[in-house]
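File shown here: start.pdb, holding PDB, C-alpha atoms.
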```
ATOM      1  CA  MET V   1      84.148  69.156 180.965
ATOM      2  CA  SER V   2      87.140  67.431 182.456
ATOM      3  CA  LYS V   3      85.483  64.732 184.576
ATOM      4  CA  PRO V   4      83.402  61.958 182.946
ATOM      5  CA  ASN V   5      81.085  61.686 185.981
ATOM      6  CA  MET V   6      80.093  65.345 186.100
ATOM      7  CA  GLN V   7      76.613  66.369 184.973
ATOM      8  CA  LEU V   8      76.633  67.740 181.432
ATOM      9  CA  SER V   9      73.819  69.448 179.574
ATOM     10  CA  ASP V  10      72.655  68.165 176.199
ATOM     11  CA  SER V  11      74.455  71.035 174.453
ATOM     12  CA  GLN V  12      77.683  70.256 176.363
ATOM     13  CA  PHE V  13      77.464  66.628 175.247
ATOM     14  CA  LEU V  14      76.993  67.708 171.625
ATOM     15  CA  GLN V  15      79.820  70.238 171.812
ATOM     16  CA  GLY V  16      82.096  67.599 173.327
ATOM     17  CA  LEU V  17      81.270  65.203 170.493
ATOM     18  CA  ARG V  18      81.917  67.934 167.908
ATOM     19  CA  VAL V  19      85.442  68.482 169.197
ATOM     20  CA  GLY V  20      86.159  64.787 169.803
ATOM     21  CA  ASN V  21      86.366  64.984 173.607
ATOM     22  CA  ASN V  22      86.879  61.390 174.837
ATOM     23  CA  GLU V  23      85.862  62.248 178.412
ATOM     24  CA  VAL V  24      82.504  63.534 177.173
ATOM     25  CA  LEU V  25      82.098  60.363 175.118
ATOM     26  CA  ALA V  26      82.789  58.240 178.203
ATOM     27  CA  ALA V  27      80.242  60.239 180.215
ATOM     28  CA  LEU V  28      77.701  59.820 177.415
ATOM     29  CA  TYR V  29      78.193  56.054 177.425
ATOM     30  CA  LYS V  30      77.613  55.874 181.164
ATOM     31  CA  LYS V  31      74.642  58.201 181.272
ATOM     32  CA  TYR V  32      72.347  56.670 178.636
ATOM     33  CA  TYR V  33      73.392  53.037 178.300
ATOM     34  CA  ASN V  34      70.782  51.715 180.747
ATOM     35  CA  ILE V  35      67.951  53.208 178.669
ATOM     36  CA  VAL V  36      69.077  51.202 175.639
ATOM     37  CA  LEU V  37      69.789  48.101 177.744
ATOM     38  CA  LYS V  38      66.229  48.198 179.121
ATOM     39  CA  LEU V  39      64.742  48.701 175.652
ATOM     40  CA  VAL V  40      66.629  45.780 174.102
ATOM     41  CA  VAL V  41      66.351  43.314 176.996
ATOM     42  CA  ASN V  42      62.617  44.005 177.403
ATOM     43  CA  ASN V  43      62.138  43.280 173.712
ATOM     44  CA  SER V  44      63.713  39.872 173.029
ATOM     45  CA  GLY V  45      67.336  40.997 173.274
ATOM     46  CA  THR V  46      70.420  40.315 175.337
ATOM     47  CA  SER V  47      72.843  42.612 177.101
ATOM     48  CA  ASP V  48      75.396  41.898 174.338
ATOM     49  CA  ALA V  49      72.851  42.959 171.707
ATOM     50  CA  ALA V  50      72.155  46.102 173.759
ATOM     51  CA  LYS V  51      75.879  46.957 173.757
ATOM     52  CA  ASP V  52      75.977  46.624 169.963
ATOM     53  CA  ILE V  53      72.837  48.730 169.508
ATOM     54  CA  TYR V  54      74.144  51.378 171.910
ATOM     55  CA  GLN V  55      77.483  51.507 170.090
ATOM     56  CA  GLU V  56      75.711  52.030 166.752
ATOM     57  CA  THR V  57      73.382  54.608 168.334
ATOM     58  CA  ILE V  58      76.354  56.621 169.577
ATOM     59  CA  ILE V  59      77.929  56.404 166.112
ATOM     60  CA  VAL V  60      74.752  57.858 164.576
ATOM     61  CA  LEU V  61      74.739  60.632 167.185
ATOM     62  CA  TYR V  62      78.461  61.328 166.688
ATOM     63  CA  GLU V  63      78.143  61.482 162.885
ATOM     64  CA  ASN V  64      75.280  63.943 163.181
ATOM     65  CA  ALA V  65      76.823  66.044 165.953
ATOM     66  CA  ARG V  66      79.838  66.633 163.702
ATOM     67  CA  LYS V  67      77.640  68.200 161.018
ATOM     68  CA  PRO V  68      77.545  71.996 161.394
ATOM     69  CA  ALA V  69      73.842  72.173 160.494
ATOM     70  CA  PHE V  70      72.735  69.507 163.029
ATOM     71  CA  GLU V  71      70.321  70.751 165.659
ATOM     72  CA  LEU V  72      68.887  68.620 168.417
ATOM     73  CA  ASN V  73      65.116  69.229 168.373
ATOM     74  CA  CYS V  74      64.366  67.140 171.447
ATOM     75  CA  GLN V  75      66.124  66.029 174.618
ATOM     76  CA  LEU V  76      69.310  64.037 174.021
ATOM     77  CA  GLN V  77      67.811  61.127 175.949
ATOM     78  CA  THR V  78      64.805  61.086 173.595
ATOM     79  CA  TYR V  79      67.065  61.193 170.547
ATOM     80  CA  ILE V  80      69.224  58.303 171.812
ATOM     81  CA  TYR V  81      66.165  56.232 172.721
ATOM     82  CA  SER V  82      64.567  56.899 169.316
ATOM     83  CA  VAL V  83      67.681  55.937 167.362
ATOM     84  CA  ALA V  84      68.218  52.812 169.472
ATOM     85  CA  LYS V  85      64.585  51.797 169.046
ATOM     86  CA  ARG V  86      64.760  52.136 165.245
ATOM     87  CA  LEU V  87      68.023  50.197 165.101
ATOM     88  CA  TRP V  88      66.682  47.440 167.357
ATOM     89  CA  LEU V  89      63.447  47.123 165.357
ATOM     90  CA  LYS V  90      65.529  46.833 162.206
ATOM     91  CA  GLN V  91      67.702  44.136 163.817
ATOM     92  CA  LEU V  92      64.658  42.162 164.966
ATOM     93  CA  LYS V  93      63.120  42.377 161.506
ATOM     94  CA  LYS V  94      66.405  41.317 159.873
ATOM     95  CA  ASN V  95      66.526  38.254 162.133
ATOM     96  CA  GLY V  96      62.958  37.327 161.185
ATOM     97  CA  HIS V  97      61.374  38.053 164.549
ATOM     98  CA  THR V  98      57.854  39.250 164.827
ATOM     99  CA  PHE V  99      57.868  41.940 167.430
ATOM    100  CA  LEU V 100      55.883  44.346 169.463
ATOM    101  CA  ILE V 101      58.044  46.893 171.226
ATOM    102  CA  ARG V 102      56.918  47.365 174.792
ATOM    103  CA  GLU V 103      57.001  51.076 175.388
ATOM    104  CA  ASP V 104      59.060  52.301 178.284
ATOM    105  CA  ASP V 105      58.383  55.449 180.173
ATOM    106  CA  GLU V 106      61.512  57.112 178.782
ATOM    107  CA  GLY V 107      59.624  60.001 177.215
ATOM    108  CA  GLY V 108      58.645  60.727 173.660
ATOM    109  CA  ILE V 109      60.001  59.486 170.392
ATOM    110  CA  ALA V 110      61.907  61.740 168.013
ATOM    111  CA  ASP V 111      61.745  61.426 164.228
ATOM    112  CA  VAL V 112      65.195  60.038 163.411
ATOM    113  CA  THR V 113      64.230  58.474 160.083
ATOM    114  CA  GLU V 114      66.610  60.605 158.033
ATOM    115  CA  ASP V 115      69.503  60.163 160.491
ATOM    116  CA  ILE V 116      69.107  56.375 160.427
ATOM    117  CA  ALA V 117      68.775  56.302 156.627
ATOM    118  CA  LEU V 118      71.972  58.345 156.155
ATOM    119  CA  HIS V 119      73.852  56.148 158.628
ATOM    120  CA  GLN V 120      72.632  52.977 156.900
ATOM    121  CA  GLN V 121      73.612  54.345 153.479
ATOM    122  CA  LYS V 122      77.125  55.065 154.783
ATOM    123  CA  GLU V 123      77.389  51.546 156.215
ATOM    124  CA  ASN V 124      76.177  50.034 152.925
ATOM    125  CA  ASP V 125      78.642  52.124 150.904
ATOM    126  CA  ILE V 126      81.543  51.066 153.135
ATOM    127  CA  GLU V 127      80.547  47.412 152.758
ATOM    128  CA  LYS V 128      80.231  47.756 148.963
ATOM    129  CA  ALA V 129      83.587  49.537 148.753
ATOM    130  CA  ALA V 130      85.234  46.738 150.739
ATOM    131  CA  LYS V 131      83.688  44.096 148.465
ATOM    132  CA  SER V 132      84.733  46.055 145.393
ATOM    133  CA  LEU V 133      88.281  46.264 146.711
ATOM    134  CA  GLU V 134      88.313  42.506 147.421
ATOM    135  CA  SER V 135      87.163  41.731 143.882
ATOM    136  CA  LEU V 136      89.769  44.062 142.369
ATOM    137  CA  GLY V 137      92.572  41.522 142.512
ATOM    138  CA  GLU V 138      96.299  42.037 142.757
ATOM    139  CA  PRO V 139      98.373  44.138 142.557
ATOM    140  CA  CYS V 140      95.634  46.799 142.589
ATOM    141  CA  ALA V 141      94.080  45.861 145.930
ATOM    142  CA  THR V 142      97.424  46.002 147.746
ATOM    143  CA  LEU V 143      98.532  49.147 145.914
ATOM    144  CA  ILE V 144      95.363  51.020 146.902
ATOM    145  CA  LYS V 145      95.590  49.815 150.520
ATOM    146  CA  ASP V 146      99.264  50.783 150.678
ATOM    147  CA  PHE V 147      98.539  54.303 149.464
ATOM    148  CA  TYR V 148      95.255  55.101 151.238
ATOM    149  CA  VAL V 149      95.454  52.979 154.388
ATOM    150  CA  LYS V 150      99.179  52.559 155.076
ATOM    151  CA  LYS V 151      99.905  56.060 153.681
ATOM    152  CA  LEU V 152     102.952  54.915 151.711
ATOM    153  CA  SER V 153     104.447  57.472 149.328
ATOM    154  CA  MET V 154     104.528  56.938 145.575
ATOM    155  CA  ASP V 155     108.289  56.385 145.819
ATOM    156  CA  GLU V 156     107.770  53.640 148.427
ATOM    157  CA  ILE V 157     105.070  52.017 146.294
ATOM    158  CA  ALA V 158     107.260  52.184 143.189
ATOM    159  CA  GLU V 159     110.050  50.423 145.068
ATOM    160  CA  LYS V 160     107.719  47.808 146.614
ATOM    161  CA  PHE V 161     106.066  46.890 143.303
ATOM    162  CA  GLY V 162     109.147  47.278 141.121
ATOM    163  CA  TYR V 163     107.935  50.255 139.076
ATOM    164  CA  THR V 164     110.702  52.311 137.464
ATOM    165  CA  ASN V 165     109.650  55.527 139.226
ATOM    166  CA  ALA V 166     106.952  57.282 141.273
ATOM    167  CA  ASP V 167     105.180  58.547 138.133
ATOM    168  CA  ASN V 168     104.673  54.980 136.874
ATOM    169  CA  ALA V 169     103.346  53.985 140.300
ATOM    170  CA  LYS V 170     100.992  56.982 140.208
ATOM    171  CA  ASN V 171      99.711  55.960 136.757
ATOM    172  CA  GLN V 172      99.112  52.416 137.999
ATOM    173  CA  LYS V 173      97.263  53.747 141.053
ATOM    174  CA  TYR V 174      95.045  55.818 138.755
ATOM    175  CA  LYS V 175      94.225  52.755 136.626
ATOM    176  CA  CYS V 176      93.474  50.741 139.748
ATOM    177  CA  LEU V 177      91.178  53.475 141.080
ATOM    178  CA  GLN V 178      89.286  53.527 137.778
ATOM    179  CA  ARG V 179      88.765  49.752 138.034
ATOM    180  CA  LEU V 180      87.685  50.117 141.665
ATOM    181  CA  LYS V 181      85.138  52.802 140.750
ATOM    182  CA  LYS V 182      83.800  50.636 137.927
ATOM    183  CA  ASN V 183      83.469  47.638 140.282
ATOM    184  CA  PHE V 184      81.755  49.769 142.915
ATOM    185  CA  PHE V 185      79.245  51.339 140.542
ATOM    186  CA  ASP V 186      78.609  48.064 138.705
ATOM    187  CA  LYS V 187      77.771  46.447 142.069
ATOM    188  CA  ASN V 188      75.445  49.361 142.918
ATOM    189  CA  THR V 189      73.700  49.044 139.534
ATOM    190  CA  VAL V 190      73.235  45.276 139.937
ATOM    191  CA  GLU V 191      71.968  45.654 143.510
ATOM    192  CA  GLN V 192      69.585  48.469 142.519
ATOM    193  CA  SER V 193      68.122  46.372 139.679
ATOM    194  CA  GLU V 194      67.660  43.460 142.125
ATOM    195  CA  ILE V 195      65.791  45.764 144.508
ATOM    196  CA  GLU V 196      63.537  47.047 141.742
ATOM    197  CA  LYS V 197      62.491  43.543 140.620
TER     198      LYS V 197
END
```

Just dump the structure as structure tokens.
Amino acid sequence: MSKPNMQLSDSQFLQGLRVGNNEVLAALYKKYYNIVLKLVVNNSGTSDAAKDIYQETIIVLYENARKPAFELNCQLQTYIYSVAKRLWLKQLKKNGHTFLIREDDEGGIADVTEDIALHQQKENDIEKAAKSLESLGEPCATLIKDFYVKKLSMDEIAEKFGYTNADNAKNQKYKCLQRLKKNFFDKNTVEQSEIEK
């Protein structure tokens, strides 16, 4: 699996994704991009939109390939086409387009409903977490970013924020995390009640 242009089987692609092989990822991009490009361009899209849809399709595939229980129950090409089609339909609907997907002769369609739903839930949770962090205010937002994103130690955080020691910084981080959780779950509760109306 050392050359991106060599022919790989579906199982080799999946195995390469599981172990994070960048050459396999590059080969995957080259091999199936035109299928997604054709789908999007033939259905009111642009090549830029096709690139975005293909990127998200590969993310869905990658997330699933990394799960030990994931089994591909169709050809990889069919799976990629099915995911891309669902994502593109969703994008068209979001933008208020009425649409009728012109079917290509790319083969069958796989049921990827659960895969798309899990991916969308992850995306929504990340967006909600980011909004919750934004609404947290200072110094909590910076403290949490410093610890979890910048990987600063408690001693470094204590020095940066002027806490007397690492234990005080740790206590403050705990309080900030509790506020972040409350913000996150309060936003989820409000959004859920809006959906149910």

Any chance you could tabulate, as a tab-separated table, the residues of stretch 13-48 of chain V at most 7 Å from stretch 61-65 of chain V with each one's nearest atom pair and distance in Å to one decimal, using only C-alpha atoms, in chain and rising number order?
```
residue	atom	partner	partner_atom	distance
V:Leu14	CA	V:Ala65	CA	5.9
V:Leu17	CA	V:Tyr62	CA	6.1
V:Arg18	CA	V:Ala65	CA	5.8
```

### Task
Please write the residues picked by the PyMOL selection byres ((chain V and resi 146) around 12) on this file as a list in words.
Pro139, Cys140, Ala141, Thr142, Leu143, Ile144, Lys145, Phe147, Tyr148, Val149, Lys150, Lys151, Leu152, Ser153, Met154, Asp155, Glu156, Ile157, Ala158, Lys160, Phe161, Ala169 and Lys173 of chain V

### Message
Counting all atoms listed in the file, which residue out of V:Ser135, V:Tyr163, V:Arg66, V:Leu28 sits closest to V:Gln15?
### Response
V:Arg66

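Residues in contact with stretch 29-43 of chain V at 7 Å, where only C-alpha atoms are counted and same-chain residues fewer than 4 positions away are skipped, are listed as V:Leu25, V:Ser47, V:Ala50, V:Tyr54, V:Gln77, V:Tyr81, V:Ala84, V:Trp88, V:Ile101, V:Arg102.
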
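For the residues V:Val83, V:Ala130, V:Ile53, V:Leu76, ranking by smallest atom-to-atom distance to V:Gln12 using all atoms listed in the file places V:Leu76 first.
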
### Query
Which residue gives the smallest distance to V:Ser9 among V:Gln75, V:Gln91, V:Asn22, V:Asn171, with all atoms listed in the file counted?
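When distances to V:Ser9 are compared using all atoms listed in the file, the smallest one comes from V:Gln75.
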
The centre and edge lengths of an axis-aligned box containing all atoms of stretch 66-81 of chain V present in the file, extended by 3 Å on each side, are to be given in Å to one decimal, as JSON.
```
{"center_x": 72.1, "center_y": 64.2, "center_z": 168.2, "size_x": 21.5, "size_y": 21.9, "size_z": 21.5}
```

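One finds atom CA of V:Ala49 at 25.7 Å from atom CA of V:Lys131.
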
### Query
Please, what distance in Å, to one decimal, runs between atom CA of V:Ile80 and atom CA of V:Ile58?
7.7 Å

### Query
Which of these, V:Thr164, V:Asn183, V:Lys128, V:Gly45, has the shortest distance to V:Leu89 once you count only C-alpha atoms?
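Ranked by minimum distance to V:Leu89, first place goes to V:Gly45.
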
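Of the listed residues (V:Leu87, V:Ala69, V:Ala166, V:Leu180), V:Leu180 comes nearest to V:Ala129; the distances count only C-alpha atoms.
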
#### Entry: Between atom CA of V:Thr46 and atom CA of V:Leu92 - distance in Å to one decimal
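Going from atom CA of V:Leu92 over to atom CA of V:Thr46 covers 12.0 Å.
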